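File shown: target.txt (compact mmCIF, C-alpha atoms).
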# COMPACT_ATOMS: atom_id res chain seq x y z
CA MET A 131 -9.14 10.77 -14.86
CA THR A 132 -8.21 8.37 -17.67
CA ALA A 133 -6.70 4.91 -17.23
CA ARG A 134 -3.26 6.18 -18.23
CA GLU A 135 -3.51 9.13 -15.85
CA ALA A 136 -4.37 6.74 -13.02
CA ALA A 137 -1.37 4.53 -13.86
CA PHE A 138 0.90 7.59 -14.01
CA LYS A 139 -0.35 8.83 -10.65
CA ALA A 140 0.23 5.45 -8.99
CA LEU A 141 3.67 4.93 -10.54
CA LYS A 142 4.77 8.42 -9.56
CA ARG A 143 3.72 7.77 -5.94
CA VAL A 144 5.76 4.58 -5.84
CA MET A 145 8.79 6.24 -7.42
CA LEU A 146 8.77 9.52 -5.50
CA ASP A 147 7.22 8.54 -2.18
CA GLY A 148 8.09 4.86 -1.85
CA ALA A 149 4.41 3.90 -1.66
CA TYR A 150 3.55 0.18 -1.62
CA SER A 151 2.44 -0.86 -5.10
CA ASN A 152 -0.64 -2.87 -4.16
CA LEU A 153 -1.92 -0.35 -1.63
CA ILE A 154 -1.49 2.78 -3.73
CA LEU A 155 -3.02 1.25 -6.86
CA ASP A 156 -6.04 -0.05 -4.93
CA ARG A 157 -6.50 3.37 -3.34
CA ILE A 158 -6.36 5.24 -6.64
CA LEU A 159 -8.63 2.82 -8.48
CA SER A 160 -11.21 2.64 -5.71
CA GLY A 161 -11.40 6.44 -5.67
CA SER A 162 -11.88 6.71 -9.44
CA ASP A 163 -14.92 6.38 -11.68
CA LEU A 164 -13.09 4.21 -14.21
CA SER A 165 -14.91 1.27 -15.75
CA ALA A 166 -13.83 -2.26 -14.93
CA ARG A 167 -12.12 -2.46 -18.33
CA ASP A 168 -10.20 0.77 -17.75
CA LYS A 169 -9.17 -0.35 -14.27
CA ALA A 170 -7.78 -3.54 -15.77
CA PHE A 171 -5.89 -1.45 -18.37
CA THR A 172 -4.46 0.72 -15.59
CA SER A 173 -3.32 -2.34 -13.65
CA ILE A 174 -1.62 -3.86 -16.69
CA ILE A 175 0.41 -0.71 -17.32
CA PHE A 176 1.17 -0.14 -13.64
CA TYR A 177 2.44 -3.62 -12.83
CA GLY A 178 4.04 -4.01 -16.24
CA VAL A 179 6.16 -0.89 -15.79
CA MET A 180 7.08 -1.96 -12.25
CA GLU A 181 8.16 -5.41 -13.45
CA LYS A 182 10.12 -4.18 -16.49
CA GLN A 183 11.65 -1.03 -15.04
CA LEU A 184 15.35 -1.84 -15.50
CA LEU A 185 14.81 -3.13 -19.04
CA LEU A 186 12.78 -0.04 -19.95
CA ASP A 187 15.37 2.30 -18.42
CA TYR A 188 18.20 0.55 -20.24
CA ASN A 189 16.47 1.18 -23.54
CA ILE A 190 15.42 4.73 -22.71
CA GLN A 191 19.08 5.48 -22.05
CA ARG A 192 20.09 3.93 -25.39
CA LEU A 193 17.54 6.08 -27.23
CA SER A 194 18.03 9.32 -25.31
CA ASP A 195 20.64 12.03 -25.67
CA ARG A 196 20.40 12.75 -21.94
CA PRO A 197 21.81 10.77 -18.99
CA LEU A 198 19.04 8.83 -17.29
CA GLY A 199 19.69 10.61 -14.00
CA SER A 200 19.09 14.01 -15.56
CA ILE A 201 15.56 13.17 -16.74
CA GLU A 202 12.86 14.54 -14.44
CA LYS A 203 11.32 11.66 -12.55
CA PRO A 204 7.72 12.31 -13.67
CA VAL A 205 8.97 12.45 -17.28
CA LEU A 206 10.85 9.18 -16.77
CA VAL A 207 7.62 7.58 -15.55
CA ILE A 208 5.83 8.72 -18.72
CA LEU A 209 8.65 7.34 -20.90
CA ARG A 210 8.50 3.99 -19.10
CA MET A 211 4.75 3.83 -19.64
CA GLY A 212 5.11 4.65 -23.32
CA MET A 213 7.87 2.10 -23.84
CA TYR A 214 5.89 -0.59 -22.05
CA GLN A 215 2.86 0.01 -24.27
CA LEU A 216 5.00 -0.09 -27.42
CA PHE A 217 6.73 -3.38 -26.66
CA PHE A 218 4.43 -5.34 -24.34
CA MET A 219 0.85 -4.32 -25.16
CA GLU A 220 -0.08 -5.48 -28.64
CA SER A 221 -3.61 -4.13 -28.24
CA VAL A 222 -2.29 -0.55 -28.08
CA PRO A 223 -1.53 1.05 -31.47
CA GLN A 224 1.97 2.51 -31.64
CA SER A 225 0.58 5.93 -32.49
CA ALA A 226 -1.62 5.85 -29.38
CA ALA A 227 1.31 4.85 -27.17
CA VAL A 228 3.31 7.83 -28.42
CA ASN A 229 0.53 10.42 -28.60
CA GLU A 230 -1.00 9.58 -25.23
CA SER A 231 2.43 9.78 -23.60
CA VAL A 232 2.90 13.27 -25.03
CA ASN A 233 -0.59 14.14 -23.81
CA LEU A 234 0.33 13.00 -20.30
CA CYS A 235 3.09 15.61 -20.35
CA LYS A 236 0.54 18.25 -21.22
CA VAL A 237 -2.01 17.14 -18.59
CA ASN A 238 0.67 17.14 -15.89
CA LYS A 239 2.13 20.52 -16.84
CA LEU A 240 5.33 19.07 -18.26
CA ASP A 241 5.06 20.91 -21.59
CA ASN A 242 8.82 21.42 -21.82
CA ALA A 243 9.22 17.61 -21.98
CA LYS A 244 6.73 16.95 -24.81
CA ALA A 245 9.24 17.15 -27.63
CA PHE A 246 11.74 14.99 -25.74
CA VAL A 247 9.17 12.28 -24.94
CA ASN A 248 7.92 12.34 -28.52
CA ALA A 249 11.45 11.97 -29.91
CA VAL A 250 12.47 9.07 -27.65
CA LEU A 251 9.28 7.09 -28.27
CA ARG A 252 9.35 7.68 -32.03
CA SER A 253 12.89 6.33 -32.04
CA ALA A 254 11.62 3.32 -30.10
CA VAL A 255 8.94 2.67 -32.72
CA LYS A 256 11.71 1.98 -35.25
CA LEU A 257 13.16 -0.81 -33.11
CA LYS A 258 12.24 -4.40 -33.91
CA THR A 259 13.12 -5.52 -30.40
CA LEU A 260 14.45 -4.03 -27.20
CA TYR A 261 18.18 -3.71 -26.60
CA LEU A 262 19.88 -6.14 -24.20
CA PRO A 263 23.48 -6.14 -22.91
CA ASP A 264 25.95 -8.53 -24.51
CA LYS A 265 25.62 -11.78 -22.59
CA ARG A 266 29.23 -12.69 -23.35
CA LYS A 267 30.47 -9.60 -21.50
CA GLY A 268 28.68 -10.40 -18.26
CA LYS A 269 25.91 -12.85 -17.45
CA ASN A 270 24.81 -11.04 -14.27
CA LYS A 271 24.34 -7.79 -16.18
CA TYR A 272 22.48 -9.58 -18.98
CA LEU A 273 20.09 -11.35 -16.62
CA SER A 274 19.66 -8.18 -14.57
CA ILE A 275 18.44 -6.16 -17.55
CA LYS A 276 16.48 -8.96 -19.22
CA TYR A 277 14.45 -9.69 -16.08
CA SER A 278 14.66 -6.21 -14.49
CA CYS A 279 16.29 -7.56 -11.35
CA PRO A 280 19.30 -5.85 -9.70
CA GLU A 281 22.67 -7.46 -10.37
CA ALA A 282 23.27 -7.95 -6.65
CA LEU A 283 20.13 -10.07 -6.40
CA VAL A 284 20.98 -12.06 -9.52
CA ARG A 285 24.44 -12.70 -8.07
CA LEU A 286 22.97 -13.79 -4.72
CA TRP A 287 20.65 -16.34 -6.32
CA ARG A 288 23.25 -17.69 -8.73
CA ASN A 289 25.70 -18.22 -5.86
CA ALA A 290 23.06 -19.76 -3.58
CA TYR A 291 21.01 -21.88 -5.97
CA GLY A 292 22.87 -22.13 -9.29
CA ASP A 293 22.06 -20.91 -12.79
CA GLU A 294 19.12 -23.19 -13.57
CA ILE A 295 17.10 -22.35 -10.47
CA THR A 296 18.03 -18.66 -10.74
CA ALA A 297 16.70 -18.52 -14.30
CA GLN A 298 13.47 -20.17 -13.16
CA ILE A 299 13.09 -17.76 -10.25
CA LEU A 300 13.59 -14.80 -12.59
CA GLU A 301 11.07 -16.16 -15.08
CA SER A 302 8.53 -16.64 -12.27
CA LEU A 303 8.64 -12.89 -11.61
CA GLU A 304 6.92 -12.24 -14.96
CA GLY A 305 3.19 -11.42 -14.90
CA ARG A 306 0.71 -11.37 -12.09
CA PRO A 307 0.82 -14.14 -9.46
CA PRO A 308 -2.09 -16.48 -8.73
CA VAL A 309 -4.61 -15.53 -6.06
CA THR A 310 -5.32 -18.27 -3.55
CA ALA A 311 -7.70 -18.29 -0.61
CA ARG A 312 -8.19 -20.30 2.54
CA VAL A 313 -11.69 -21.63 3.08
CA ASN A 314 -13.08 -20.74 6.50
CA THR A 315 -14.08 -24.23 7.62
CA LEU A 316 -15.73 -22.73 10.70
CA ARG A 317 -18.52 -21.40 8.46
CA THR A 318 -18.55 -23.36 5.21
CA ASP A 319 -16.83 -26.05 3.16
CA THR A 320 -14.83 -25.91 -0.05
CA ASP A 321 -17.54 -27.13 -2.45
CA SER A 322 -20.15 -24.77 -1.03
CA LEU A 323 -17.81 -21.79 -1.26
CA ILE A 324 -16.85 -22.60 -4.86
CA ARG A 325 -20.55 -22.66 -5.81
CA MET A 326 -21.18 -19.34 -4.09
CA LEU A 327 -18.17 -17.75 -5.76
CA GLU A 328 -19.40 -18.94 -9.15
CA GLU A 329 -22.74 -17.26 -8.44
CA GLU A 330 -20.77 -14.08 -7.75
CA GLY A 331 -18.98 -14.38 -11.08
CA ILE A 332 -15.67 -15.70 -9.73
CA LYS A 333 -14.17 -18.93 -11.03
CA ALA A 334 -12.60 -20.95 -8.24
CA VAL A 335 -10.82 -24.29 -8.39
CA LYS A 336 -9.45 -26.64 -5.76
CA THR A 337 -5.70 -26.99 -5.25
CA ASP A 338 -3.74 -29.97 -3.92
CA ILE A 339 -3.95 -28.39 -0.46
CA PRO A 340 -7.20 -29.17 1.37
CA ASP A 341 -9.44 -26.13 1.94
CA CYS A 342 -7.26 -24.02 -0.37
CA ILE A 343 -8.75 -22.66 -3.59
CA MET A 344 -7.43 -20.59 -6.48
CA LEU A 345 -9.46 -17.60 -7.64
CA ASP A 346 -9.70 -16.16 -11.13
CA GLY A 347 -11.18 -12.71 -11.73
CA GLY A 348 -12.75 -9.92 -9.74
CA SER A 349 -11.74 -8.23 -6.52
CA PRO A 350 -12.16 -10.78 -3.70
CA SER A 351 -12.55 -8.20 -0.93
CA GLU A 352 -15.64 -6.76 -2.65
CA LEU A 353 -17.54 -10.07 -2.67
CA ALA A 354 -20.45 -10.91 -0.40
CA SER A 355 -18.80 -14.23 0.45
CA PHE A 356 -15.76 -12.31 1.69
CA SER A 357 -17.90 -9.98 3.80
CA LYS A 358 -19.61 -13.01 5.30
CA GLY A 359 -16.21 -14.32 6.40
CA LEU A 360 -16.22 -17.46 4.27
CA PHE A 361 -12.56 -17.13 3.26
CA HIS A 362 -9.41 -15.07 3.54
CA ILE A 363 -6.72 -14.48 0.92
CA GLN A 364 -3.51 -16.41 1.59
CA ASP A 365 -0.76 -17.88 -0.56
CA MET A 366 -0.29 -21.63 -0.56
CA ALA A 367 3.16 -21.33 1.03
CA CYS A 368 1.68 -19.74 4.14
CA GLN A 369 -0.91 -22.50 4.37
CA ILE A 370 1.78 -25.17 4.03
CA CYS A 371 3.69 -23.43 6.82
CA CYS A 372 0.64 -23.71 9.10
CA VAL A 373 0.19 -27.37 8.21
CA ILE A 374 3.80 -28.11 9.16
CA LEU A 375 3.35 -26.39 12.53
CA GLY A 376 0.55 -28.90 13.12
CA ALA A 377 -1.51 -27.01 15.72
CA ARG A 378 -4.29 -29.05 17.34
CA SER A 379 -7.60 -28.20 18.89
CA GLY A 380 -7.30 -27.11 22.53
CA GLU A 381 -3.60 -26.19 22.42
CA THR A 382 -1.92 -22.88 23.23
CA VAL A 383 -0.24 -21.45 20.14
CA THR A 384 1.81 -18.27 19.76
CA ASP A 385 2.11 -16.44 16.44
CA ALA A 386 5.12 -14.25 17.16
CA CYS A 387 4.96 -11.82 14.20
CA SER A 388 1.31 -12.08 13.37
CA ALA A 389 -0.09 -9.04 11.55
CA PRO A 390 -1.99 -8.83 9.28
CA GLY A 391 -3.14 -12.19 10.64
CA GLY A 392 -3.44 -14.66 7.75
CA LYS A 393 -1.57 -17.47 9.47
CA ALA A 394 -3.35 -16.83 12.78
CA PHE A 395 -6.68 -17.21 10.97
CA THR A 396 -5.62 -20.44 9.25
CA LEU A 397 -4.28 -21.92 12.50
CA SER A 398 -7.50 -21.01 14.32
CA GLU A 399 -9.58 -22.73 11.65
CA MET A 400 -7.35 -25.82 11.80
CA MET A 401 -7.83 -25.82 15.59
CA GLU A 402 -11.63 -25.54 15.15
CA ASN A 403 -11.54 -22.26 17.10
CA LYS A 404 -10.79 -24.23 20.28
CA GLY A 405 -7.82 -23.38 22.44
CA ARG A 406 -5.77 -20.21 22.74
CA LEU A 407 -3.86 -18.35 20.02
CA ILE A 408 -1.63 -15.44 21.03
CA SER A 409 -1.17 -13.00 18.15
CA CYS A 410 1.91 -10.80 18.71
CA ASP A 411 3.07 -7.85 16.66
CA LEU A 412 5.31 -4.86 17.19
CA TYR A 413 2.62 -2.30 16.35
CA GLU A 414 -0.81 -1.95 17.92
CA ASN A 415 -2.33 -0.45 14.76
CA ARG A 416 -1.36 -3.56 12.79
CA LEU A 417 -2.97 -5.79 15.40
CA LYS A 418 -6.25 -4.07 14.63
CA LEU A 419 -6.08 -5.81 11.24
CA VAL A 420 -5.87 -9.12 13.08
CA ARG A 421 -8.83 -8.32 15.32
CA ASP A 422 -10.95 -7.05 12.43
CA GLY A 423 -10.15 -10.13 10.35
CA ALA A 424 -10.92 -12.48 13.22
CA GLN A 425 -14.27 -10.79 13.78
CA ARG A 426 -15.18 -11.08 10.09
CA LEU A 427 -14.24 -14.77 10.09
CA GLY A 428 -16.03 -15.54 13.36
CA ILE A 429 -12.84 -16.51 15.21
CA SER A 430 -12.94 -15.97 18.97
CA MET A 431 -9.78 -17.71 20.20
CA ILE A 432 -7.25 -15.05 19.11
CA GLU A 433 -5.71 -12.73 21.71
CA THR A 434 -3.60 -9.81 20.49
CA THR A 435 -0.64 -8.24 22.27
CA ALA A 436 1.70 -5.49 21.05
CA GLY A 437 5.46 -5.47 21.54
CA SER A 438 8.70 -6.77 20.09
CA SER A 439 8.97 -10.56 20.05
CA SER A 440 12.76 -10.21 20.23
CA ASP A 441 12.77 -9.25 23.91
CA ARG A 442 9.29 -9.49 25.37
CA ASP A 443 8.71 -11.71 28.41
CA ASP A 444 4.90 -11.88 28.53
CA ILE A 445 4.36 -14.76 26.07
CA PRO A 446 2.51 -17.66 27.73
CA MET A 447 4.05 -21.13 27.70
CA SER A 448 2.97 -22.58 24.38
CA ASP A 449 2.56 -25.97 22.76
CA ARG A 450 3.52 -24.54 19.39
CA ILE A 451 5.15 -21.31 18.29
CA LEU A 452 5.25 -19.80 14.82
CA CYS A 453 8.11 -17.37 14.16
CA ASP A 454 7.30 -16.01 10.72
CA VAL A 455 9.91 -13.30 11.06
CA PRO A 456 10.41 -9.96 9.28
CA CYS A 457 12.55 -10.52 6.19
CA SER A 458 13.75 -8.99 2.94
CA GLY A 459 10.71 -10.38 1.08
CA LEU A 460 12.69 -11.68 -1.89
CA GLY A 461 10.22 -14.55 -2.29
CA ILE A 462 7.23 -12.29 -2.90
CA ILE A 463 8.69 -9.90 -5.47
CA ARG A 464 6.06 -10.97 -8.00
CA ARG A 465 3.43 -9.60 -5.60
CA LYS A 466 5.38 -6.50 -4.60
CA PRO A 467 7.62 -5.65 -7.58
CA GLU A 468 8.96 -2.51 -5.88
CA LEU A 469 10.95 -4.75 -3.49
CA ARG A 470 13.43 -5.57 -6.22
CA TYR A 471 14.46 -1.91 -6.50
CA LYS A 472 15.00 -1.24 -2.80
CA GLU A 473 18.54 -0.05 -2.21
CA ASP A 474 18.56 -1.53 1.30
CA THR A 475 16.80 -4.89 1.63
CA GLY A 476 17.96 -5.22 5.23
CA ALA A 477 20.05 -8.26 4.36
CA GLU A 478 22.86 -7.20 6.70
CA SER A 479 20.76 -6.36 9.78
CA LEU A 480 17.84 -8.77 9.43
CA PRO A 481 19.57 -12.07 10.32
CA GLN A 482 20.40 -10.81 13.81
CA ILE A 483 16.85 -9.53 14.33
CA GLN A 484 15.48 -12.86 13.12
CA TYR A 485 17.83 -14.76 15.40
CA ASP A 486 16.85 -12.64 18.41
CA ILE A 487 13.14 -13.31 17.79
CA LEU A 488 13.78 -17.04 17.47
CA CYS A 489 15.88 -17.14 20.65
CA ASN A 490 13.44 -15.16 22.75
CA CYS A 491 10.36 -17.04 21.62
CA SER A 492 12.02 -20.40 22.22
CA ARG A 493 11.98 -19.65 25.96
CA PHE A 494 8.20 -20.03 25.95
CA LEU A 495 7.96 -23.39 24.19
CA ARG A 496 6.93 -26.28 26.37
CA PRO A 497 9.07 -29.46 26.45
CA GLY A 498 8.07 -31.59 23.48
CA GLY A 499 6.62 -28.56 21.73
CA ARG A 500 7.09 -27.67 18.06
CA MET A 501 8.39 -24.38 16.71
CA VAL A 502 8.41 -23.24 13.07
CA TYR A 503 10.81 -20.59 11.82
CA SER A 504 9.75 -19.17 8.45
CA THR A 505 10.36 -16.31 6.03
CA CYS A 506 9.02 -15.21 2.67
CA THR A 507 12.50 -14.69 1.27
CA LEU A 508 15.03 -16.59 -0.82
CA ASP A 509 18.26 -15.76 0.94
CA PRO A 510 20.24 -18.46 2.80
CA ASP A 511 21.61 -15.89 5.25
CA GLU A 512 18.08 -15.20 6.50
CA ASN A 513 16.93 -18.81 6.29
CA GLY A 514 18.99 -21.89 6.99
CA LYS A 515 21.94 -20.04 8.51
CA VAL A 516 19.73 -18.48 11.20
CA VAL A 517 18.23 -21.85 12.14
CA ARG A 518 21.57 -23.66 12.20
CA ARG A 519 23.09 -20.95 14.37
CA PHE A 520 20.17 -21.30 16.79
CA LEU A 521 20.45 -25.10 17.00
CA SER A 522 24.22 -24.93 17.54
CA GLU A 523 23.75 -22.61 20.51
CA HIS A 524 20.60 -24.18 22.05
CA LYS A 525 21.29 -27.80 22.88
CA ASP A 526 17.83 -28.36 24.37
CA PHE A 527 16.34 -28.00 20.87
CA SER A 528 16.58 -30.44 17.98
CA PRO A 529 15.79 -30.31 14.25
CA ALA A 530 12.66 -32.23 13.31
CA ALA A 531 12.20 -33.82 9.89
CA ILE A 532 9.50 -32.15 7.81
CA GLU A 533 7.05 -34.60 6.28
CA LEU A 534 6.40 -33.00 2.90
CA PRO A 535 2.64 -32.57 2.47
CA TYR A 536 0.43 -32.59 -0.65
CA GLY A 537 3.01 -33.65 -3.21
CA ILE A 538 5.41 -30.82 -2.37
CA ARG A 539 8.92 -31.61 -3.59
CA ARG A 540 12.31 -30.23 -2.66
CA ARG A 541 14.24 -28.30 -5.27
CA ILE A 542 17.61 -28.09 -3.52
CA ASP A 543 19.70 -30.28 -1.23
CA GLU A 544 18.94 -29.13 2.33
CA PRO A 545 18.57 -30.58 5.86
CA GLU A 546 15.40 -32.58 6.42
CA ASN A 547 14.11 -30.01 8.94
CA GLU A 548 14.31 -27.27 6.30
CA LEU A 549 12.13 -26.66 3.26
CA THR A 550 12.69 -23.97 0.64
CA LEU A 551 9.72 -23.41 -1.66
CA PHE A 552 10.38 -21.98 -5.11
CA PRO A 553 7.62 -20.42 -7.25
CA GLU A 554 8.38 -22.36 -10.43
CA LYS A 555 8.43 -25.74 -8.64
CA ASN A 556 5.36 -25.78 -6.41
CA GLY A 557 3.35 -22.75 -7.59
CA THR A 558 3.80 -20.97 -4.26
CA ASP A 559 5.57 -17.79 -3.30
CA GLY A 560 9.26 -18.14 -2.53
CA PHE A 561 9.27 -19.30 1.09
CA PHE A 562 11.41 -20.96 3.75
CA ILE A 563 10.18 -23.20 6.59
CA SER A 564 12.15 -24.93 9.33
CA LEU A 565 10.79 -27.23 12.03
CA ILE A 566 12.36 -27.38 15.50
CA VAL A 567 11.33 -29.29 18.63
CA LYS A 568 12.15 -28.79 22.30
CA ARG A 569 13.46 -31.91 23.95
Mind turning this structure into structure tokens?
Amino acid sequence: MTAREAAFKALKRVMLDGAYSNLILDRILSGSDLSARDKAFTSIIFYGVMEKQLLLDYNIQRLSDRPLGSIEKPVLVILRMGMYQLFFMESVPQSAAVNESVNLCKVNKLDNAKAFVNAVLRSAVKLKTLYLPDKRKGKNKYLSIKYSCPEALVRLWRNAYGDEITAQILESLEGRPPVTARVNTLRTDTDSLIRMLEEEGIKAVKTDIPDCIMLDGGSPSELASFSKGLFHIQDMACQICCVILGARSGETVTDACSAPGGKAFTLSEMMENKGRLISCDLYENRLKLVRDGAQRLGISMIETTAGSSSDRDDIPMSDRILCDVPCSGLGIIRRKPELRYKEDTGAESLPQIQYDILCNCSRFLRPGGRMVYSTCTLDPDENGKVVRRFLSEHKDFSPAAIELPYGIRRRIDEPENELTLFPEKNGTDGFFISLIVKR
């Protein structure tokens, strides 16, 4: 299997089967005998096509004599790959981009599409730049095609945050996101881990967040330091969320929607593995990820329990509760580019589910306790509106001002108990955090 064949296989699985981009690519690459260089080439094409899909399709339609919907889906994948190589990979000769795309048709028994693919891509070679819609005829359409983001999402962000922030959000979706890790302070310290990672060929640098490092290169899960449980991968936004919850050693903490467990691990390390942490999730098989991760990291204080946090009544009375609820994921599109193309993001049904989880969990917070409501989305309906509805209907709870840690700055005007993190401002994923206390 060549690098292009691997990329085609992964892209086809995402397009036809709705596979998760990161999982399917990792599975295909780990099962191949490709060199490290070829795997990197595969990843560039795969994520590049995912990120530029609407722009590529717009131009394929302009160059094709067939309606986009009439093109066989595997053939459309090959055209997208060819177009991406032509316009975004300077290291690939134009002839190779065209010829290898035609060859992919042959290898995948799509011989009847070879002439069509060849014609479209040879027409593309003659272009100096890709086509874009006329900005004067519709800014939403223009931004949608330019950044390969559905018009509905562009409209949502423009209405919620304005043009300047929307443009910055869209620009932040370009390229691969940074990889950050949380140092397992139960087993090592930041300086020691950085030295070990350097010995393993991974460059690591400190961030403004204590015990949080940024990694450059390699596959972290394949490292000896990872196997030894010296760190776990976690975005800075999630770590900031845990800091704001402020869990202390010896307390009882509930993580209401816990799997795969990153925040539970960080909270346990902050608590020095002393106390009790209840890790809840709807599915038992996902809680296995939490247990396996805790074992690797040497964490013994985590208890797992399966069931819906929206109606369960077996949560122990807790000093602190984290409700990192299911959401549309619009803040992590750069990590999961397929999210931008989902026809149903759940935006209509999710706010009620999120509200139900928040209401039910609040019953188990001790007087004086702190509760954090958080999402990894950028949608006011799932964020501030849910919290404000809760506070208006639960008079025994109050908003608590968030003390912004580590130089974090607000980007929008919002209540002091709410914090919306934007990728271009703080280098984190798009994220929302709200702090509530029980009187």
Quick one: residues within 7 Å of Ala394 of chain A, only C-alpha atoms counted, chain neighbours fewer than 4 positions away excluded, as a short mmCIF file (atom, residue, chain, number, x, y, z; two decimals) with C-alpha atoms, keeping the file's coordinate frame?
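Saved file part38.cif follows:
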data_model
loop_
_atom_site.label_atom_id
_atom_site.label_comp_id
_atom_site.auth_asym_id
_atom_site.auth_seq_id
_atom_site.Cartn_x
_atom_site.Cartn_y
_atom_site.Cartn_z
CA ASP A 385 2.11 -16.44 16.44
CA SER A 388 1.31 -12.08 13.37
CA SER A 398 -7.50 -21.01 14.32
CA SER A 409 -1.17 -13.00 18.15
#
Select from segment 434-471 of chain A every residue with an atom at most 10 Å from any atom of segment 389-393 of chain A, then for each give the shortest pair of atoms and their distance in Å to one decimal, using only C-alpha atoms, rows by chain and rising number, as a tab-separated table.
residue	atom	partner	partner_atom	distance
A:Thr434	CA	A:Ala389	CA	9.6
A:Leu452	CA	A:Lys393	CA	9.0
A:Asp454	CA	A:Lys393	CA	9.1
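Summary of the local environment: counting only C-alpha atoms, residues at most 12 Å from Gly305 of chain A, other than itself and those fewer than 4 positions away along its chain, are Ser173, Ile174, Ile175, Phe176, Tyr177, Gly178, Val179, Met180, Glu181, Lys182, Phe218, Tyr277, Leu300, Glu301, Ile463, Arg464, Arg465, Lys466 and Pro467 of chain A.
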For segment 466-532 of chain A against segment 183-186 of chain A, with a cut-off of 12 Å and counting only C-alpha atoms, what is the closest atom pair and its distance in Å to one decimal for every residue that makes the cut, ordered by chain and number, as JSON lines?
{"residue": "A:Pro467", "atom": "CA", "partner": "A:Gln183", "partner_atom": "CA", "distance": 9.7}
{"residue": "A:Glu468", "atom": "CA", "partner": "A:Gln183", "partner_atom": "CA", "distance": 9.7}
{"residue": "A:Arg470", "atom": "CA", "partner": "A:Gln183", "partner_atom": "CA", "distance": 10.1}
{"residue": "A:Tyr471", "atom": "CA", "partner": "A:Gln183", "partner_atom": "CA", "distance": 9.0}
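As for atom CA of Asn314 of chain A and atom CA of Arg450 of chain A, they are spaced 21.4 Å apart.
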